[in-house]
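Structure, as structure tokens:
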Amino acid sequence: QVPQRIELYGTVEAERVAVVSSRVMATVTAVPVRVGDVVRAGQVLVEIDPQTARGQEAQARGALAQAQAALALASRNYERYRALAASGAASEVELDIARMQYEQARGAVDQAAGAVEASSSIAREWRVVAPFAGRIAARSVEVGDFAAPGRPLVTVESLTGRRLALAVPESVFATGALRIGSEVPVKLDSSSRELVGVVEEVAPGADSASHTFLVKAALREADVQPGISGRAWATIGSRPAVAVPADAVLTVGGLSMVASRGEERESRTRAVSLG
């Protein structure tokens, strides 16, 4: 009996990847970074024309000033009707209307204050900065392009920390061989050195198109670029096998062959599958 190992294929990815965008809707005025540049956290990646966002902020502040003035008037009217109602000079209906107008004015102030806070937050995003230290993996805009909420501007990936993202078939995943913290042997196609991957992320469900589960194994000793393909092996039990000396295996025309002696001591050559 020998361990039954299943070969899995995957791609190296950075531990942290951020697709940076902005909520400002305006023209891009500067992109001071290029693909491959190393950036620090907080470094400016893209600059967007701030005039539109600042104009929206000014409008919001003007609406807030109007709402505050209306609240002051409604508050004075409400206090006046309270005094009149106390002396019997105003009806309960008039007092209720004054109270309703006061509550509506107070709500309008709260709403306008929220609009100012939101517009100010958006206006500050005219300079798009790196969320963490890393390398520019992609630049999706140029000067003159139109930035919009949700549109990718720049992709940043971390300099350290690499993971091998594996597509695991349902039959292998069902064995439970790949759990958080388990170790798997890994080989990258760009290197002959065998690495050790530690499973740190397991998707709870399968992909509806490929019917495979996404499993990510950390490569803590690897200093490689993202995008490189690699392989990992999962042990899912044992199977019977025939062991022969390594020097008894011949490679002929791409086939692995083993010479054996029959019962009548005649020599025979058989194709075998290694592994």
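Lettering and numbering for the structure tokens are positional, with chains as A, B, ... in the shown order, residues counted from 1 in each chain, and ligands counted from 1 in the shown order.
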
Would you pick out the contacts of stretch 156-164 of chain A at 8 Å or less, using only C-alpha atoms, so that residues sharing its chain but fewer than 4 positions from it are not included, and give the list as a VMD selection string?
chain A and resid 10 to 20 130 132 to 138 197 216 to 220 222 to 224 226 230

Would you mind listing what lies within 10 Å of A:Thr29 as a PDB file with N, CA and C atoms, in the first residue's frame, with only C-alpha atoms counted and same-chain residues fewer than 5 positions away left out?
ATOM      1  N   VAL A  46      -4.069  58.313  -8.017  1.00  0.00           N
ATOM      2  CA  VAL A  46      -4.838  58.969  -9.070  1.00  0.00           C
ATOM      3  C   VAL A  46      -5.381  60.280  -8.513  1.00  0.00           C
ATOM      4  N   GLU A  47      -5.390  61.322  -9.357  1.00  0.00           N
ATOM      5  CA  GLU A  47      -6.017  62.589  -8.997  1.00  0.00           C
ATOM      6  C   GLU A  47      -7.172  62.847  -9.951  1.00  0.00           C
ATOM      7  N   ILE A  48      -8.313  63.282  -9.387  1.00  0.00           N
ATOM      8  CA  ILE A  48      -9.528  63.521 -10.146  1.00  0.00           C
ATOM      9  C   ILE A  48      -9.915  64.983  -9.973  1.00  0.00           C
ATOM     10  N   ASP A  49     -10.482  65.590 -11.013  1.00  0.00           N
ATOM     11  CA  ASP A  49     -10.908  66.991 -10.961  1.00  0.00           C
ATOM     12  C   ASP A  49     -11.857  67.190  -9.773  1.00  0.00           C
ATOM     13  N   PRO A  50     -11.467  68.032  -8.803  1.00  0.00           N
ATOM     14  CA  PRO A  50     -12.283  68.146  -7.589  1.00  0.00           C
ATOM     15  C   PRO A  50     -13.424  69.149  -7.679  1.00  0.00           C
ATOM     16  N   TRP A 126     -10.955  63.076  -4.092  1.00  0.00           N
ATOM     17  CA  TRP A 126     -10.426  63.499  -5.384  1.00  0.00           C
ATOM     18  C   TRP A 126      -8.963  63.065  -5.540  1.00  0.00           C
ATOM     19  N   GLU A 142      -6.285  56.492 -17.686  1.00  0.00           N
ATOM     20  CA  GLU A 142      -5.266  57.442 -18.112  1.00  0.00           C
ATOM     21  C   GLU A 142      -5.817  58.848 -17.906  1.00  0.00           C
ATOM     22  N   VAL A 143      -4.934  59.831 -18.012  1.00  0.00           N
ATOM     23  CA  VAL A 143      -5.354  61.221 -17.882  1.00  0.00           C
ATOM     24  C   VAL A 143      -6.385  61.536 -18.967  1.00  0.00           C
ATOM     25  N   GLY A 144      -7.490  62.130 -18.550  1.00  0.00           N
ATOM     26  CA  GLY A 144      -8.573  62.442 -19.472  1.00  0.00           C
ATOM     27  C   GLY A 144      -9.722  61.468 -19.424  1.00  0.00           C
ATOM     28  N   ASP A 145      -9.500  60.274 -18.854  1.00  0.00           N
ATOM     29  CA  ASP A 145     -10.596  59.323 -18.691  1.00  0.00           C
ATOM     30  C   ASP A 145     -11.588  59.849 -17.654  1.00  0.00           C
ATOM     31  N   PHE A 146     -12.785  59.282 -17.703  1.00  0.00           N
ATOM     32  CA  PHE A 146     -13.834  59.703 -16.782  1.00  0.00           C
ATOM     33  C   PHE A 146     -13.929  58.694 -15.650  1.00  0.00           C
ATOM     34  N   ALA A 147     -13.718  59.175 -14.424  1.00  0.00           N
ATOM     35  CA  ALA A 147     -13.844  58.313 -13.244  1.00  0.00           C
ATOM     36  C   ALA A 147     -15.288  58.317 -12.778  1.00  0.00           C
TER      37      ALA A 147
END

Please provide the set of residues having any atom within 7 Å of stretch 236-242 of chain A, restricted to only C-alpha atoms, with same-chain residues fewer than 4 positions apart removed, written as a PDB file with all heavy atoms, in the first residue's frame.
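To be explicit, this is the file written out as around-v1.pdb:
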ATOM      1  N   GLN A   1       0.841  -1.194   0.000  1.00  0.00           N
ATOM      2  CA  GLN A   1       0.000   0.000   0.000  1.00  0.00           C
ATOM      3  C   GLN A   1       0.880   1.250   0.000  1.00  0.00           C
ATOM      4  O   GLN A   1       1.828   1.348   0.773  1.00  0.00           O
ATOM      5  CB  GLN A   1      -0.895   0.004   1.236  1.00  0.00           C
ATOM      6  CG  GLN A   1      -1.901  -1.143   1.285  1.00  0.00           C
ATOM      7  CD  GLN A   1      -2.996  -0.993   0.247  1.00  0.00           C
ATOM      8  OE1 GLN A   1      -3.469   0.099  -0.006  1.00  0.00           O
ATOM      9  NE2 GLN A   1      -3.368  -2.107  -0.380  1.00  0.00           N
ATOM     10  N   VAL A   2       0.530   2.198  -0.893  1.00  0.00           N
ATOM     11  CA  VAL A   2       1.249   3.464  -0.968  1.00  0.00           C
ATOM     12  C   VAL A   2       0.227   4.585  -0.886  1.00  0.00           C
ATOM     13  O   VAL A   2      -0.952   4.391  -1.208  1.00  0.00           O
ATOM     14  CB  VAL A   2       2.059   3.570  -2.281  1.00  0.00           C
ATOM     15  CG1 VAL A   2       3.138   2.511  -2.342  1.00  0.00           C
ATOM     16  CG2 VAL A   2       1.144   3.496  -3.493  1.00  0.00           C
ATOM     17  N   PRO A   3       0.636   5.775  -0.429  1.00  0.00           N
ATOM     18  CA  PRO A   3      -0.307   6.897  -0.365  1.00  0.00           C
ATOM     19  C   PRO A   3      -0.848   7.229  -1.754  1.00  0.00           C
ATOM     20  O   PRO A   3      -0.104   7.256  -2.739  1.00  0.00           O
ATOM     21  CB  PRO A   3       0.545   8.037   0.200  1.00  0.00           C
ATOM     22  CG  PRO A   3       1.674   7.365   0.901  1.00  0.00           C
ATOM     23  CD  PRO A   3       1.962   6.122   0.119  1.00  0.00           C
ATOM     24  N   GLN A   4      -2.154   7.498  -1.821  1.00  0.00           N
ATOM     25  CA  GLN A   4      -2.761   7.913  -3.082  1.00  0.00           C
ATOM     26  C   GLN A   4      -2.796   9.429  -3.115  1.00  0.00           C
ATOM     27  O   GLN A   4      -3.532  10.061  -2.353  1.00  0.00           O
ATOM     28  CB  GLN A   4      -4.179   7.345  -3.225  1.00  0.00           C
ATOM     29  CG  GLN A   4      -4.822   7.694  -4.567  1.00  0.00           C
ATOM     30  CD  GLN A   4      -6.164   7.029  -4.747  1.00  0.00           C
ATOM     31  OE1 GLN A   4      -6.623   6.302  -3.874  1.00  0.00           O
ATOM     32  NE2 GLN A   4      -6.790   7.264  -5.885  1.00  0.00           N
ATOM     33  N   ARG A   5      -1.997  10.000  -4.009  1.00  0.00           N
ATOM     34  CA  ARG A   5      -1.890  11.447  -4.102  1.00  0.00           C
ATOM     35  C   ARG A   5      -2.568  11.936  -5.372  1.00  0.00           C
ATOM     36  O   ARG A   5      -2.345  11.403  -6.452  1.00  0.00           O
ATOM     37  CB  ARG A   5      -0.437  11.894  -4.074  1.00  0.00           C
ATOM     38  CG  ARG A   5       0.310  11.460  -2.815  1.00  0.00           C
ATOM     39  CD  ARG A   5       1.491  12.356  -2.505  1.00  0.00           C
ATOM     40  NE  ARG A   5       2.364  12.573  -3.646  1.00  0.00           N
ATOM     41  CZ  ARG A   5       3.396  13.434  -3.637  1.00  0.00           C
ATOM     42  NH1 ARG A   5       3.641  14.129  -2.548  1.00  0.00           N
ATOM     43  NH2 ARG A   5       4.166  13.576  -4.691  1.00  0.00           N
ATOM     44  N   THR A 175     -13.286  14.177   0.585  1.00  0.00           N
ATOM     45  CA  THR A 175     -12.476  13.322   1.461  1.00  0.00           C
ATOM     46  C   THR A 175     -12.022  14.049   2.718  1.00  0.00           C
ATOM     47  O   THR A 175     -11.578  13.413   3.683  1.00  0.00           O
ATOM     48  CB  THR A 175     -11.243  12.802   0.713  1.00  0.00           C
ATOM     49  OG1 THR A 175     -10.391  13.921   0.368  1.00  0.00           O
ATOM     50  CG2 THR A 175     -11.648  12.060  -0.561  1.00  0.00           C
ATOM     51  N   ALA A 177      -9.410  15.945   2.912  1.00  0.00           N
ATOM     52  CA  ALA A 177      -7.945  15.956   2.979  1.00  0.00           C
ATOM     53  C   ALA A 177      -7.394  17.373   3.088  1.00  0.00           C
ATOM     54  O   ALA A 177      -6.274  17.558   3.567  1.00  0.00           O
ATOM     55  CB  ALA A 177      -7.369  15.271   1.744  1.00  0.00           C
TER      56      ALA A 177
END

Restricting to only C-alpha atoms, whichever of A:Gly176, A:Ala74, A:Ala118, A:Ser192 is closest to A:Ile97 is A:Ala74

Residue set, stretch 16-243 of chain A restricted to helix (DSSP H, G or I), as an NGL selection string:
:A and (51-87 or 92-126 or 170-173)

Considering only C-alpha atoms, return as a VMD selection string whatever protein or nucleic-acid residues lie within 8 Å of A:Ala112, sequence-local ones (same chain, fewer than 5 positions apart) excluded.
chain A and resid 60 to 61 63 to 64 67

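The smallest atom-to-atom distance between A:Arg54 and any of A:Arg231, A:Arg124, A:Arg270, A:Arg179, using only C-alpha atoms, is found for A:Arg124.
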